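Here the structure comes first, spelled out in structure tokens, and everything after it is commentary.
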Amino acid sequence: MTYRTLDPARLLSTLDRLHERIEARFANAGLSRLCAELIETARASTQEAARLAAPNWPLRIGVGLIILSGIAAQIAAAKLLRLETAQNNIGLLGNLEAAVNLLILFGGAVWFLLTLEERMKRRRALDSLHQLRSFAHVIDMHQLTKDPTALLQERAPPRRMSKFELTRYLDYCAEMLALIGKLSALYAERVRDPVVIEAVTEIENLTTGLARKIWQKISVIGAIEEGGAP
């Protein structure tokens, strides 16, 4: 057991316990169903992050064979140019230009092949991170209508949540947002790609900002309780 990296199993266990708490208090609420969907997405995300961390040996072997074939083709082409038998300077310059063009094209092809695995993993990681970002916005929509000032107003029909229930609901939303941030951080640990790390940072900033709004609402509820409001 290490405390230097995130443990996917513990993240999933924390989500399961959170879902049990939500289900026990808000069994028929959409938040419970949303948390269940988040658990399924989290399982897929942890498996995907683990796959991205592992080397793609079939792809690497294929790329290696293609590069070796390209090197052999370059050697064969160099023999055909016959720079030493060029009849004049014009012929020599033409052969040199052809050789340089071949080297440039080969270098570009090698770079494309060597970065192919990284780009494929980047695309898969960004697709998974997009799902987590969407979940964060959906959670924000669930808490958006939970207005603490409604506790001070008489409404018809009467409000459905007490101060305690509203606090718990908002707290659950904040916990889900925090766990989404940690799930996204799994990709930053396993895919050391600058684009992926930047996307993870954006999600963590997003979830932190949304959670900050929720805690402001919880603070308002606390102020209402201290003021003795019903």
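We name chains A, B, ... following the order of the structure tokens; residues begin at 1 in each chain, and ligands are numbered from 1 as shown.
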
Exercise. Excluding same-chain residues fewer than 3 positions from His142 of chain A, what lies within 9 Å of it counting only C-alpha atoms, as a PyMOL selection string?
Worked result: chain A and resi 30-31+137-139+145-146+173

Exercise. Which one of A:Arg25, A:Leu38, A:Phe106, A:Thr14 sits closest to Ser69 of chain A if you count only C-alpha atoms?
Worked result: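 Using only C-alpha atoms, Ser69 of chain A sits closest to A:Phe106.
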
For this session: For Ile203 of chain A, list every protein, DNA or RNA residue within 10 Å, evaluated using only C-alpha atoms, and leave out those in the same chain fewer than 3 positions away; present the list as a PyMOL selection string.
Result: chain A and resi 129-130+132-134+136+177+180-185+197-200+206-209

So that I can check the surroundings of segment 18-20 of chain A, please list as a PDB file with N, CA and C atoms, in the first residue's frame every protein, DNA and RNA residue that reaches within 8 Å of it, counting only C-alpha atoms and ignoring chain neighbours fewer than 5 positions away.
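Listing of part-v3.pdb after writing:
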ATOM      1  N   SER A  32     -29.525  10.264  -6.435  1.00  0.00           N
ATOM      2  CA  SER A  32     -29.145   8.877  -6.183  1.00  0.00           C
ATOM      3  C   SER A  32     -28.882   8.150  -7.491  1.00  0.00           C
ATOM      4  N   CYS A  35     -25.609   9.385  -8.961  1.00  0.00           N
ATOM      5  CA  CYS A  35     -24.447   8.801  -8.293  1.00  0.00           C
ATOM      6  C   CYS A  35     -24.218   7.367  -8.768  1.00  0.00           C
ATOM      7  N   ALA A  36     -25.296   6.625  -8.999  1.00  0.00           N
ATOM      8  CA  ALA A  36     -25.152   5.255  -9.504  1.00  0.00           C
ATOM      9  C   ALA A  36     -24.511   5.268 -10.890  1.00  0.00           C
ATOM     10  N   TYR A 172     -23.621  16.159  -0.262  1.00  0.00           N
ATOM     11  CA  TYR A 172     -23.424  15.027  -1.161  1.00  0.00           C
ATOM     12  C   TYR A 172     -22.964  15.509  -2.545  1.00  0.00           C
TER      13      TYR A 172
END

Exercise. From the list A:Ile214, A:Leu113, A:Leu105, A:Ala49, which residue is nearest Asp127 of chain A when using only C-alpha atoms?
Worked result: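 Selected residue with least distance to Asp127 of chain A: A:Ala49.
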
Exercise. So which one's closest to Met120 of chain A, A:Asn101, A:Gln216, A:Asn56, A:Thr149? Using only C-alpha atoms, please.
Worked result: A:Asn56
